[in-house]
Structures are given as structure tokens and as C-alpha cells.
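Dumped my_file15.tsv below, it's TSV, C-alpha atoms:
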chain	number	residue	atom	x	y	z
A	1	MET	CA	91.15	114.74	54.43
A	2	THR	CA	89.09	114.40	57.62
A	3	THR	CA	88.14	117.28	59.87
A	4	ILE	CA	86.40	117.11	63.24
A	5	ARG	CA	84.38	120.05	64.53
A	6	ARG	CA	81.80	120.84	67.18
A	7	ALA	CA	78.22	120.45	66.02
A	8	THR	CA	76.05	123.56	65.66
A	9	PRO	CA	72.24	123.88	65.64
A	10	ALA	CA	72.38	123.70	61.83
A	11	ASP	CA	73.71	120.12	62.13
A	12	VAL	CA	70.63	118.78	63.92
A	13	PRO	CA	69.04	117.18	60.80
A	14	GLN	CA	72.37	115.45	60.06
A	15	ILE	CA	72.71	114.33	63.71
A	16	LEU	CA	69.28	112.72	63.55
A	17	GLU	CA	70.30	110.99	60.31
A	18	PHE	CA	73.41	109.62	62.03
A	19	ILE	CA	71.32	108.44	65.00
A	20	ARG	CA	68.95	106.59	62.66
A	21	ALA	CA	71.80	105.04	60.67
A	22	LEU	CA	73.46	103.84	63.89
A	23	ALA	CA	70.18	102.37	65.18
A	24	GLU	CA	69.80	100.51	61.90
A	25	TYR	CA	73.35	99.14	62.23
A	26	GLU	CA	72.50	98.10	65.81
A	27	ARG	CA	69.46	96.22	64.51
A	28	ALA	CA	66.95	98.51	66.20
A	29	PRO	CA	65.76	100.81	63.39
A	30	ASP	CA	62.36	101.34	65.03
A	31	ALA	CA	63.85	102.37	68.38
A	32	VAL	CA	64.46	105.97	67.32
A	33	VAL	CA	61.67	108.31	68.39
A	34	ALA	CA	63.98	111.35	68.70
A	35	THR	CA	62.98	114.48	66.80
A	36	GLU	CA	64.96	117.42	65.45
A	37	GLU	CA	63.08	119.66	67.85
A	38	GLY	CA	64.13	117.60	70.88
A	39	LEU	CA	67.75	117.31	69.77
A	40	LEU	CA	67.92	121.07	69.23
A	41	ARG	CA	66.40	121.81	72.64
A	42	ASP	CA	68.59	119.30	74.53
A	43	GLY	CA	71.95	119.88	72.89
A	44	PHE	CA	72.16	123.58	72.21
A	45	GLY	CA	70.63	125.42	75.17
A	46	PRO	CA	72.49	127.14	78.02
A	47	GLN	CA	72.86	123.84	79.95
A	48	PRO	CA	73.08	121.22	77.21
A	49	PHE	CA	72.35	117.58	78.03
A	50	TYR	CA	74.81	116.42	75.39
A	51	HIS	CA	77.75	117.53	73.25
A	52	CYS	CA	78.39	116.47	69.68
A	53	LEU	CA	81.33	116.34	67.29
A	54	ILE	CA	80.89	115.99	63.53
A	55	ALA	CA	83.47	114.35	61.26
A	56	GLU	CA	83.68	115.54	57.68
A	57	HIS	CA	85.60	113.64	55.05
A	58	GLU	CA	86.32	115.26	51.69
A	59	GLY	CA	83.81	117.94	52.64
A	60	ARG	CA	80.98	115.51	53.35
A	61	ALA	CA	79.43	114.52	56.72
A	62	ALA	CA	81.00	111.17	57.57
A	63	GLY	CA	80.34	110.41	61.24
A	64	PHE	CA	79.65	111.77	64.69
A	65	ALA	CA	80.40	111.36	68.38
A	66	LEU	CA	77.72	112.31	70.90
A	67	PHE	CA	78.56	112.38	74.60
A	68	PHE	CA	77.76	113.90	77.98
A	69	PHE	CA	79.24	114.22	81.44
A	70	ASN	CA	78.80	111.38	83.88
A	71	TYR	CA	80.16	111.31	87.43
A	72	SER	CA	82.36	108.87	89.29
A	73	THR	CA	81.85	108.92	93.04
A	74	TRP	CA	84.96	106.81	93.49
A	75	GLN	CA	87.06	109.30	91.55
A	76	GLY	CA	85.12	112.29	92.85
A	77	ARG	CA	85.11	113.92	89.45
A	78	PRO	CA	83.11	114.01	86.22
A	79	GLY	CA	83.95	111.81	83.27
A	80	ILE	CA	82.69	111.52	79.73
A	81	TYR	CA	80.07	109.02	78.67
A	82	LEU	CA	80.10	108.36	74.94
A	83	GLU	CA	76.52	107.65	73.93
A	84	ASP	CA	77.11	107.32	70.19
A	85	LEU	CA	80.14	106.93	67.95
A	86	PHE	CA	79.34	106.28	64.32
A	87	VAL	CA	80.91	106.44	60.86
A	88	TYR	CA	78.96	105.66	57.70
A	89	PRO	CA	79.78	102.07	56.66
A	90	GLU	CA	81.18	103.08	53.26
A	91	LEU	CA	83.66	105.43	54.97
A	92	ARG	CA	85.08	103.00	57.53
A	93	GLY	CA	88.74	102.04	57.62
A	94	LEU	CA	89.89	105.60	56.95
A	95	GLY	CA	90.64	106.50	60.58
A	96	ILE	CA	87.51	108.65	60.99
A	97	GLY	CA	86.22	106.82	64.07
A	98	LYS	CA	89.68	107.01	65.61
A	99	ALA	CA	89.86	110.75	64.88
A	100	LEU	CA	86.46	111.24	66.55
A	101	LEU	CA	87.47	109.25	69.62
A	102	GLN	CA	90.73	111.18	69.86
A	103	GLN	CA	88.86	114.49	69.82
A	104	VAL	CA	86.51	113.23	72.51
A	105	ALA	CA	89.65	112.55	74.57
A	106	VAL	CA	90.84	116.11	73.92
A	107	PHE	CA	87.46	117.45	75.08
A	108	ALA	CA	87.62	115.25	78.18
A	109	LEU	CA	91.07	116.45	79.26
A	110	GLU	CA	90.11	120.08	78.63
A	111	LYS	CA	87.22	119.59	81.06
A	112	GLY	CA	89.35	117.84	83.68
A	113	CYS	CA	87.91	114.39	82.92
A	114	ARG	CA	90.27	111.43	82.82
A	115	ARG	CA	87.83	108.67	81.93
A	116	LEU	CA	85.74	107.84	78.86
A	117	GLN	CA	83.08	105.20	79.16
A	118	TRP	CA	80.56	103.71	76.78
A	119	GLU	CA	78.78	100.48	75.80
A	120	VAL	CA	79.14	98.12	72.88
A	121	LEU	CA	76.89	95.30	71.69
A	122	ASP	CA	78.49	91.94	72.43
A	123	TRP	CA	78.18	90.78	68.78
A	124	ASN	CA	79.82	93.92	67.38
A	125	THR	CA	83.28	92.38	66.99
A	126	PRO	CA	84.73	95.06	64.67
A	127	ALA	CA	83.89	97.76	67.23
A	128	ILE	CA	85.21	95.66	70.13
A	129	ASP	CA	88.52	95.10	68.33
A	130	PHE	CA	88.77	98.78	67.47
A	131	TYR	CA	88.11	99.85	71.06
A	132	ARG	CA	90.66	97.39	72.39
A	133	ALA	CA	93.23	98.83	70.00
A	134	MET	CA	92.41	102.28	71.39
A	135	GLY	CA	93.40	101.14	74.91
A	136	ALA	CA	89.92	100.31	76.19
A	137	GLU	CA	89.17	97.79	78.94
A	138	PHE	CA	85.91	95.87	79.25
A	139	LEU	CA	84.07	95.90	82.57
A	140	ASP	CA	82.26	92.62	82.12
A	141	GLU	CA	81.41	92.06	85.79
A	142	TRP	CA	78.96	94.98	85.64
A	143	ARG	CA	75.45	94.31	84.33
A	144	ASN	CA	73.36	97.12	82.90
A	145	VAL	CA	70.00	97.64	84.54
A	146	ARG	CA	67.09	99.74	83.35
A	147	VAL	CA	63.66	100.80	84.56
A	148	GLU	CA	61.58	102.46	81.91
A	149	GLY	CA	58.22	104.07	81.16
A	150	GLU	CA	55.37	102.44	83.05
A	151	ALA	CA	57.75	100.92	85.59
A	152	VAL	CA	59.14	104.38	86.43
A	153	GLU	CA	55.61	105.67	86.86
A	154	ARG	CA	54.74	102.77	89.18
A	155	LEU	CA	57.76	103.57	91.35
A	156	ALA	CA	56.85	107.24	91.50
A	157	ARG	CA	53.21	106.50	92.34
A	158	ALA	CA	54.30	104.17	95.15
A	159	ALA	CA	56.38	107.03	96.55
A	160	GLU	CA	53.39	109.36	96.51
A	161	ALA	CA	51.24	106.72	98.18
A	162	ALA	CA	53.80	106.30	100.96
A	163	ARG	CA	53.70	109.97	101.97
B	164	MET	CA	60.15	106.08	110.16
B	165	THR	CA	62.14	106.79	106.99
B	166	THR	CA	62.36	110.17	105.33
B	167	ILE	CA	64.03	111.00	102.02
B	168	ARG	CA	65.32	114.50	101.34
B	169	ARG	CA	67.61	116.29	98.91
B	170	ALA	CA	71.22	116.49	100.07
B	171	THR	CA	72.67	119.88	101.03
B	172	PRO	CA	76.31	121.03	101.17
B	173	ALA	CA	76.31	120.13	104.88
B	174	ASP	CA	75.78	116.47	103.90
B	175	VAL	CA	79.04	116.17	101.97
B	176	PRO	CA	81.01	114.43	104.76
B	177	GLN	CA	78.16	111.91	105.12
B	178	ILE	CA	77.99	111.42	101.33
B	179	LEU	CA	81.71	110.59	101.27
B	180	GLU	CA	81.16	108.13	104.12
B	181	PHE	CA	78.37	106.45	102.10
B	182	ILE	CA	80.61	106.32	99.01
B	183	ARG	CA	83.38	104.64	101.03
B	184	ALA	CA	80.98	102.16	102.64
B	185	LEU	CA	79.56	101.23	99.22
B	186	ALA	CA	83.06	100.77	97.75
B	187	GLU	CA	83.90	98.48	100.65
B	188	TYR	CA	80.74	96.45	100.00
B	189	GLU	CA	81.72	96.29	96.30
B	190	ARG	CA	85.15	94.91	97.31
B	191	ALA	CA	87.03	97.97	96.12
B	192	PRO	CA	87.75	99.92	99.32
B	193	ASP	CA	90.91	101.49	97.88
B	194	ALA	CA	89.17	102.75	94.73
B	195	VAL	CA	87.79	105.87	96.42
B	196	VAL	CA	89.97	108.93	95.86
B	197	ALA	CA	87.04	111.38	96.04
B	198	THR	CA	87.39	114.27	98.49
B	199	GLU	CA	84.84	116.41	100.34
B	200	GLU	CA	86.15	119.41	98.41
B	201	GLY	CA	85.50	117.75	95.05
B	202	LEU	CA	82.05	116.46	96.01
B	203	LEU	CA	81.07	119.94	97.23
B	204	ARG	CA	82.32	121.60	94.04
B	205	ASP	CA	80.71	119.07	91.68
B	206	GLY	CA	77.33	118.58	93.34
B	207	PHE	CA	76.32	121.97	94.66
B	208	GLY	CA	77.35	124.60	92.13
B	209	PRO	CA	75.12	126.35	89.58
B	210	GLN	CA	75.45	123.45	87.09
B	211	PRO	CA	75.85	120.40	89.31
B	212	PHE	CA	77.35	117.23	87.86
B	213	TYR	CA	75.25	115.09	90.18
B	214	HIS	CA	72.18	115.13	92.43
B	215	CYS	CA	71.87	113.32	95.73
B	216	LEU	CA	69.07	112.11	98.00
B	217	ILE	CA	69.66	111.19	101.65
B	218	ALA	CA	67.55	108.63	103.52
B	219	GLU	CA	67.15	109.07	107.26
B	220	HIS	CA	65.77	106.35	109.46
B	221	GLU	CA	64.77	107.12	113.03
B	222	GLY	CA	66.61	110.43	112.64
B	223	ARG	CA	69.89	108.83	111.56
B	224	ALA	CA	71.55	108.85	108.10
B	225	ALA	CA	70.73	105.45	106.62
B	226	GLY	CA	71.47	105.55	102.89
B	227	PHE	CA	71.77	107.62	99.75
B	228	ALA	CA	71.05	107.74	96.05
B	229	LEU	CA	73.40	109.70	93.78
B	230	PHE	CA	72.49	110.25	90.14
B	231	PHE	CA	72.88	112.51	87.12
B	232	PHE	CA	71.28	113.11	83.75
B	233	ASN	CA	72.29	110.93	80.85
B	234	TYR	CA	70.91	111.22	77.32
B	235	SER	CA	69.26	108.74	74.99
B	236	THR	CA	69.66	109.58	71.32
B	237	TRP	CA	67.08	106.94	70.43
B	238	GLN	CA	64.53	108.53	72.76
B	239	GLY	CA	65.74	112.07	72.07
B	240	ARG	CA	65.46	113.00	75.70
B	241	PRO	CA	67.46	112.93	78.93
B	242	GLY	CA	67.19	110.11	81.41
B	243	ILE	CA	68.54	109.46	84.87
B	244	TYR	CA	71.66	107.44	85.50
B	245	LEU	CA	71.85	106.12	89.04
B	246	GLU	CA	75.52	106.06	89.98
B	247	ASP	CA	75.10	104.93	93.60
B	248	LEU	CA	72.28	103.47	95.66
B	249	PHE	CA	73.26	102.36	99.14
B	250	VAL	CA	71.78	101.55	102.54
B	251	TYR	CA	73.93	100.66	105.53
B	252	PRO	CA	73.95	96.83	105.87
B	253	GLU	CA	72.43	96.88	109.36
B	254	LEU	CA	69.45	98.89	108.07
B	255	ARG	CA	68.56	96.71	105.08
B	256	GLY	CA	65.19	95.01	104.74
B	257	LEU	CA	63.31	98.05	106.05
B	258	GLY	CA	62.30	99.41	102.62
B	259	ILE	CA	64.85	102.23	102.68
B	260	GLY	CA	66.44	101.32	99.34
B	261	LYS	CA	63.00	101.03	97.79
B	262	ALA	CA	62.02	104.44	99.18
B	263	LEU	CA	65.19	105.95	97.70
B	264	LEU	CA	64.58	104.40	94.29
B	265	GLN	CA	60.97	105.57	94.35
B	266	GLN	CA	62.07	109.15	95.03
B	267	VAL	CA	64.60	108.94	92.19
B	268	ALA	CA	61.64	107.98	89.98
B	269	VAL	CA	59.70	111.02	91.25
B	270	PHE	CA	62.69	113.25	90.43
B	271	ALA	CA	62.96	111.67	86.97
B	272	LEU	CA	59.30	112.26	86.06
B	273	GLU	CA	59.46	115.84	87.37
B	274	LYS	CA	62.33	116.45	84.94
B	275	GLY	CA	60.58	114.79	82.01
B	276	CYS	CA	62.74	111.66	82.15
B	277	ARG	CA	61.11	108.26	81.65
B	278	ARG	CA	64.11	106.00	82.07
B	279	LEU	CA	66.39	105.11	84.98
B	280	GLN	CA	69.56	103.22	84.26
B	281	TRP	CA	72.40	101.90	86.39
B	282	GLU	CA	74.86	99.01	86.79
B	283	VAL	CA	75.09	96.15	89.23
B	284	LEU	CA	77.93	93.73	89.92
B	285	ASP	CA	77.09	90.29	88.55
B	286	TRP	CA	77.72	88.59	91.94
B	287	ASN	CA	75.46	90.97	93.85
B	288	THR	CA	72.44	88.66	93.89
B	289	PRO	CA	70.48	90.48	96.63
B	290	ALA	CA	70.65	93.71	94.63
B	291	ILE	CA	69.77	91.95	91.36
B	292	ASP	CA	66.71	90.35	92.96
B	293	PHE	CA	65.68	93.68	94.47
B	294	TYR	CA	66.01	95.50	91.14
B	295	ARG	CA	64.02	92.81	89.34
B	296	ALA	CA	61.24	93.20	91.92
B	297	MET	CA	61.25	96.95	91.18
B	298	GLY	CA	60.49	96.28	87.50
B	299	ALA	CA	64.03	96.47	86.15
B	300	GLU	CA	65.24	94.71	83.01
B	301	PHE	CA	68.84	93.64	82.41
B	302	LEU	CA	70.56	94.68	79.18
B	303	ASP	CA	73.06	91.86	79.07
B	304	GLU	CA	73.94	92.18	75.38
B	305	TRP	CA	75.69	95.49	76.10
B	306	ARG	CA	79.29	95.38	77.34
B	307	ASN	CA	80.73	98.29	79.31
B	308	VAL	CA	83.86	99.82	77.86
B	309	ARG	CA	86.28	102.25	79.48
B	310	VAL	CA	89.37	104.23	78.54
B	311	GLU	CA	91.09	105.80	81.49
B	312	GLY	CA	94.02	107.96	82.60
B	313	GLU	CA	97.13	107.36	80.50
B	314	ALA	CA	95.08	105.84	77.67
B	315	VAL	CA	92.94	109.02	77.45
B	316	GLU	CA	96.11	111.10	77.33
B	317	ARG	CA	97.54	108.93	74.55
B	318	LEU	CA	94.36	109.43	72.50
B	319	ALA	CA	94.45	113.18	73.04
B	320	ARG	CA	98.15	113.41	72.15
B	321	ALA	CA	97.53	111.46	68.95
B	322	ALA	CA	94.83	114.00	68.05
B	323	GLU	CA	97.26	116.87	68.57
B	324	ALA	CA	99.91	115.13	66.48
B	325	ALA	CA	97.43	114.65	63.60
B	326	ARG	CA	96.73	118.37	63.28

As C-alpha cells, the full file:
Amino acid sequence: MTTIRRATPADVPQILEFIRALAEYERAPDAVVATEEGLLRDGFGPQPFYHCLIAEHEGRAAGFALFFFNYSTWQGRPGIYLEDLFVYPELRGLGIGKALLQQVAVFALEKGCRRLQWEVLDWNTPAIDFYRAMGAEFLDEWRNVRVEGEAVERLARAAEAAR
Amino acid sequence: MTTIRRATPADVPQILEFIRALAEYERAPDAVVATEEGLLRDGFGPQPFYHCLIAEHEGRAAGFALFFFNYSTWQGRPGIYLEDLFVYPELRGLGIGKALLQQVAVFALEKGCRRLQWEVLDWNTPAIDFYRAMGAEFLDEWRNVRVEGEAVERLARAAEAAR
């Protein structure tokens, strides 16, 4: 028996454990610098930066979905961006990931959002097949671009210098 | 002389014009169903879904940057997702896009964000070259996935049926 519920502040240690387990699966175990303190501050204040659902299977934490609002200027309305969707490897194949994704869809419609978007690693064939079965399309003409850390600071300094 | 300023509600008609001009450049002129009413509601309430900067050149509206907060679970902090960056074609090459991106970086650092992320169409070589010159990296192992409209409703209905 699987149940899906909204995360509470008491789930933060478990959320961080999910995040680390997912990073390990995505071959980037050292990429996680998140802390319980930061996750608590950012997800459970008056204007949370993210929302989180927890899946429990036979009474045990089994997986999570973590998402936030994005915005489509073409649609002129917010959508949902799914940052993380994860089920512990030993609990896969039981429909838990599907149940999480379905509840994200329920959340989206309740908030007037008609689009879910996320990213998947190109070698993650099981996930790609699963998403396709859920009705997903792949927007492969769009490349993801990032500026980070020092490069952001350089841009900001150049702005100050131009004043 | 280029100035960058925060958009106000009075800019909404101009923002919609920018959105339409960008969609035309991206070969999707019919994709824009956004309305002034929706952009006003979503960008200028107490908890805005997006933020917008307007570039003016010689006193005339020249371009815009529209962005919102995303969230990195690996970093455990919010970042900035740049939904739209656009300068009218006849005003390119004057540093206006660079000035916009620099001010987005200033906004990001002010909010404690150290990462800017966005997408670019794979055929848009001028933009790709420009972003690379700004210090951007390209995350080409990540595929973009979307579930939209009817497919979201199917997911949500399946969740209701499983209760």
C-alpha cells in the first residue's frame, strides 16, 4: 500500500537523504552541498521556493517529488517544474514513481497549471521510457545553459563597472 | 545610452510585445496565448511568479529579461531561471543583451542565488556564441521533458481513480 502526502518540516532529514540517494544514482554523489537548515528555510516558510511530496510504502519512506512553479511567457501562466523525482531502487516497479507523478499533476491542476516540465539524463533509459509512457514529450531542440558561481559574479561586477 | 530598470505594471503591453517578437524569432509566432491580464496578475502581485527587467536605448524600449526563482536540491538554495532574454533585432550588437544579463546577475546575487540557468534553441548560433562569451556552460547530457494539457489531466484523473 502506497500513500502520497505533502512533506512537513519533520521530513527534512528524509528529504536530504532522498536528494543524496538521487545524486548518487545520477553519478554525482559529491554534488550535494544542501543542508537540512537550508531545506527547512527554503521549503517551509511563508513563500516557499519549493514544494515536496513524500511517498510511503508499507509505512516506510519510499520516494519523493520536489517541484516549484516556473512561468511560461508563451502560455502566460505558471507551470510546474519537477526538480527531483526519486524512488529507492529496491522499491521500483511498484508504481510509486507513477503515483508521485500523478499527485504532482493533481497539484498542478489545483494551482491552474497545465504543464509539467523536468530534465532527464540522456543515459537514463529506464526513466526516459517511464516518462514516455506517462505521456511526456522530449524537447530535444532546446539546449540547457548555465552560468554559475564566479561567472555570475563577473557578470554582476561588469554591471557595476558600467554604471 | 542604455538603461536597465525593473518593469512596472505600466510595462505589461510592452512586455507582451517583446514576448510576441521573441516567439516570432524562435519560429513559433502562434505559440503565444499570453494576455496582458495574465501577465499583470502573475508578475505584479504580492507573490509574483516572475520578475522582469526592461532595457531602454535612447529612450526607447529595446529589450527585456524575464526570469523567476528555481531551486537546486544539490545546492540547497534557489537560483534564477531566465525564461526570456530578447533585444529587438535592429538594436543588436550594442551591448543591450549583455547589459540585461549583467543586471540579472546583480539581481541573483542580491537574492543569494549563485546560478543562472536557461535554454537556447540548438540552431540559434548567435545566441549560443554570445552565451559562451558570457561564461556559460552547456549541459547537453540533460534532455528536457514535458507533459502538457490533456496528458496532465490524464495523470491527475488516474490519481483520483487510485484513491

Could you list, as a list in words, every residue within 6 Å of stretch 102-119 of chain A, counting all atoms listed in the file and ignoring same-chain residues fewer than 6 positions away? Pro78, Gly79, Ile80, Tyr81 and Leu82 of chain A; Trp305, Arg306, Asn307, Val308, Arg309, Val310, Glu311, Gly312, Val315, Leu318, Ala319 and Ala322 of chain B

Would you pick out the contacts of stretch 90-94 of chain A at 12 Å or less, using all atoms listed in the file, so that residues sharing its chain but fewer than 6 positions from it are not included, and give the list as a PyMOL selection string? chain A and resi 1-2+55-58+60-63+100+126-127+130

Go through A:Ala162, A:Gly59, A:Tyr131, A:Ser72 one by one, measure the shortest atom-to-atom distance of each to B:Ala186 using only C-alpha atoms, and give the residue with the smallest value.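 So, comparing all the options, the nearest one is A:Ser72.
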
Considering all atoms listed in the file, return as a PyMOL selection string whatever protein or nucleic-acid residues lie within 9 Å of stretch 4-11 of chain A, sequence-local ones (same chain, fewer than 4 positions apart) excluded. chain A and resi 15-16+39-40+43-44+51-57+64+96+99-100+103

Atoms to include: C-alpha atoms. Write the selected residues as a PDB file, in the frame of the given file.
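What follows is the written file result.pdb:
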ATOM      1  CA  ILE A  15      72.710 114.330  63.710  1.00  0.00           C
ATOM      2  CA  LEU A  16      69.280 112.720  63.550  1.00  0.00           C
ATOM      3  CA  LEU A  39      67.750 117.310  69.770  1.00  0.00           C
ATOM      4  CA  LEU A  40      67.920 121.070  69.230  1.00  0.00           C
ATOM      5  CA  GLY A  43      71.950 119.880  72.890  1.00  0.00           C
ATOM      6  CA  PHE A  44      72.160 123.580  72.210  1.00  0.00           C
ATOM      7  CA  HIS A  51      77.750 117.530  73.250  1.00  0.00           C
ATOM      8  CA  CYS A  52      78.390 116.470  69.680  1.00  0.00           C
ATOM      9  CA  LEU A  53      81.330 116.340  67.290  1.00  0.00           C
ATOM     10  CA  ILE A  54      80.890 115.990  63.530  1.00  0.00           C
ATOM     11  CA  ALA A  55      83.470 114.350  61.260  1.00  0.00           C
ATOM     12  CA  GLU A  56      83.680 115.540  57.680  1.00  0.00           C
ATOM     13  CA  HIS A  57      85.600 113.640  55.050  1.00  0.00           C
ATOM     14  CA  PHE A  64      79.650 111.770  64.690  1.00  0.00           C
ATOM     15  CA  ILE A  96      87.510 108.650  60.990  1.00  0.00           C
ATOM     16  CA  ALA A  99      89.860 110.750  64.880  1.00  0.00           C
ATOM     17  CA  LEU A 100      86.460 111.240  66.550  1.00  0.00           C
ATOM     18  CA  GLN A 103      88.860 114.490  69.820  1.00  0.00           C
TER      19      GLN A 103
END

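Interatomic distance, atom CA of A:Asp84 against atom CA of A:Leu101: 10.6 Å.
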
Atom CA of B:Asp205 to atom CA of A:Leu66: how many Å, to one decimal?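 Between these atoms lies a distance of 22.1 Å.
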
So which one's closest to chain B, A:Arg154, A:Ala34, A:Met134, A:Val12? Using only C-alpha atoms, please.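 Residue with the minimum atom-to-atom distance to chain B: A:Ala34.
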
Give me, please, the distance in Å between atom CA of A:Arg41 and atom CA of A:Glu150, quoted to one decimal.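 These atoms are spaced 24.6 Å apart.
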
Calculated over all atoms listed in the file, which of the candidates A:Pro29, A:Gly38, A:Pro89, A:Gly45 has the smallest distance to chain B?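 Of all the options, A:Gly38 lies closest to chain B.
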
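With all atoms listed in the file as the atoms that count, the residue of A:Tyr25, A:Phe138, A:Tyr88, A:Phe18 with the shortest distance to chain B is A:Phe138.
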
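Between chain A and the residues B:Arg295, B:Gly239, B:Phe249, B:Glu200, the shortest atom-to-atom distance, using only C-alpha atoms, involves B:Gly239.
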
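Closest approach to chain B among A:Gln75, A:Thr3, A:Thr125, A:Gln14 is made by A:Gln75 (distances from all atoms listed in the file).
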